[in-house]
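Participant: The following block contains the structure, expressed as structure tokens.
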Amino acid sequence: MNIAVDLYLGWETLDHALDCPLPVWEPQLKIDEGRRGRLGVGDDPHGCAADECGHANLFRRFTVRLVCRSCESVHVISGEDVGIYSQPAEQYGYGHAPLEVEGLWLWAGQRLQTRSQLREPREYLVTRTPQIPAQASDVAGMIAHHNTAGQHPRWQASAIADPNGQHGDRDGLRWARRQADLRSVELAAAWIATQYQPEILEVAV
């Protein structure tokens, strides 16, 4: 399963020409059988040291081609076929519209599919603008599901990015503040929103 950070951060944009009048990619996928080095089909297996390698001299490879017929830019991406799948954006997470809660935008991570329905996402990246987060500095917080020792569902909210923050996650982001016992996504978003509100000091006159 992809964690939310992997779905949104660290991706590079494939650019069109600067003066492209209609920047639209035409995507195509090709899967064929490649041959390892100069070995023939009947030759001895190649000398791959990886224990999990089972493709011997032949292997499946994929090529993704993105063509813009407007500016005539072409991007070709290729590699070995280690898994190509399709699913709705609602299940994958990325590509699905964000939730707007308490003036924040919640970008869903991947959902698990049960036999009858999609489960709620286990993670959300949180932004303060409706722009899709693409780098760590775009993220204002995170919301993640967890269970208590008694197996009660709760939500954990993190806010205020800080490279030296005391709260870290497996995704590499660190946070200055965290609240771990919230009973809904909406309450978690509300808590994050309050962390960005200016503090009001009462002054006795």
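Ligands are numbered from 1 in the order shown, residues from 1 within each chain, and chains are lettered A, B, ... in the order they appear in the structure tokens.
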Excluding range 136-153 of chain A and its own-chain neighbours fewer than 5 positions away, which residues fall within 8 Å of it when counting only C-alpha atoms? Please give them as an NGL selection string.
Facilitator: :A and (9 or 122-128 or 158-161 or 173 or 175 or 183 or 185 or 188-189 or 192)
Participant: So, counting only C-alpha atoms, which residue among A:Glu72, A:Asp6, A:Glu33, A:Asp162 is closest to Gly93 in chain A?
Facilitator: A:Asp6
Participant: For a quick check of understanding, using only C-alpha atoms, which of A:Gly172, A:Pro198, A:Pro133, A:Pro163 has the smallest distance to Trp11 in chain A?
Facilitator: A:Pro133
Participant: Could you work out how far CA of Val24 in chain A lies from CA of Cys68 in chain A, giving the answer in Å with one decimal?
Facilitator: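 Distance reported for this atom pair: 5.9 Å.
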Participant: Among the residues of range 81-150 of chain A, find those DSSP assigns to strand (DSSP E or B) from the backbone and print them as a ChimeraX atom specification.
Facilitator: /A:99-101,104-108,113,118,123-127,141-147
Participant: Which one of A:Cys71, A:Ile132, A:Leu66, A:Ile3 sits closest to Glu26 in chain A if you count only C-alpha atoms?
Facilitator: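 That would be A:Leu66, the residue with the smallest distance to Glu26 in chain A.
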Participant: So which bits of range 124-187 of chain A end up helix (DSSP H, G or I) when you DSSP the backbone, as number ranges by chain?
Facilitator: A: 136-138, 185-187
Participant: How would the residues just chosen look if you wrote them out with C-alpha atoms as an mmCIF file, in the first residue's frame?
Facilitator:
```cif
data_model
loop_
_atom_site.group_PDB
_atom_site.id
_atom_site.type_symbol
_atom_site.label_atom_id
_atom_site.label_comp_id
_atom_site.auth_asym_id
_atom_site.auth_seq_id
_atom_site.Cartn_x
_atom_site.Cartn_y
_atom_site.Cartn_z
ATOM 1 C CA ALA A 136 7.278 18.910 1.796
ATOM 2 C CA SER A 137 6.979 22.693 2.146
ATOM 3 C CA ASP A 138 3.434 22.509 0.699
ATOM 4 C CA VAL A 185 -11.077 13.333 10.681
ATOM 5 C CA GLU A 186 -13.064 16.556 11.101
ATOM 6 C CA LEU A 187 -11.811 17.014 14.673
#
```
Participant: Do a neighbour search on range 118-121 of chain A at 8 Å with only C-alpha atoms, toss out local chain neighbours closer than 2 positions, and write the hits as a list in words.
Facilitator: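 With the cut-off at 8 Å, the set is Gln91, Gly93, Ala108, Gly109, Gln110, Arg111, Leu112, Gln113, Thr114, Ser116, Glu123 and Tyr124 of chain A.
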Participant: Deliver the residues from the most recent selection as a file, using C-alpha atoms, as a PDB file, in the first residue's frame.
Facilitator:
```
ATOM      1  CA  GLN A  91      -9.162   4.168  -4.337  1.00  0.00           C
ATOM      2  CA  GLY A  93      -5.897   8.542  -3.536  1.00  0.00           C
ATOM      3  CA  ALA A 108      -6.424  11.361   0.750  1.00  0.00           C
ATOM      4  CA  GLY A 109      -3.953   8.530   0.756  1.00  0.00           C
ATOM      5  CA  GLN A 110      -4.727   5.138  -0.727  1.00  0.00           C
ATOM      6  CA  ARG A 111      -7.850   3.284   0.397  1.00  0.00           C
ATOM      7  CA  LEU A 112      -8.043  -0.446   1.030  1.00  0.00           C
ATOM      8  CA  GLN A 113     -10.775  -2.347  -0.791  1.00  0.00           C
ATOM      9  CA  THR A 114     -12.977  -4.691   1.206  1.00  0.00           C
ATOM     10  CA  SER A 116     -18.224  -4.770  -0.428  1.00  0.00           C
ATOM     11  CA  GLU A 123      -3.855   9.024   5.961  1.00  0.00           C
ATOM     12  CA  TYR A 124      -4.360  12.553   4.682  1.00  0.00           C
TER      13      TYR A 124
END
```
Participant: Just the number, please: distance in Å from CA of Pro21 in chain A to CA of Pro130 in chain A, one decimal.
Facilitator: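 For CA of Pro21 in chain A relative to CA of Pro130 in chain A, the distance reads 25.3 Å.
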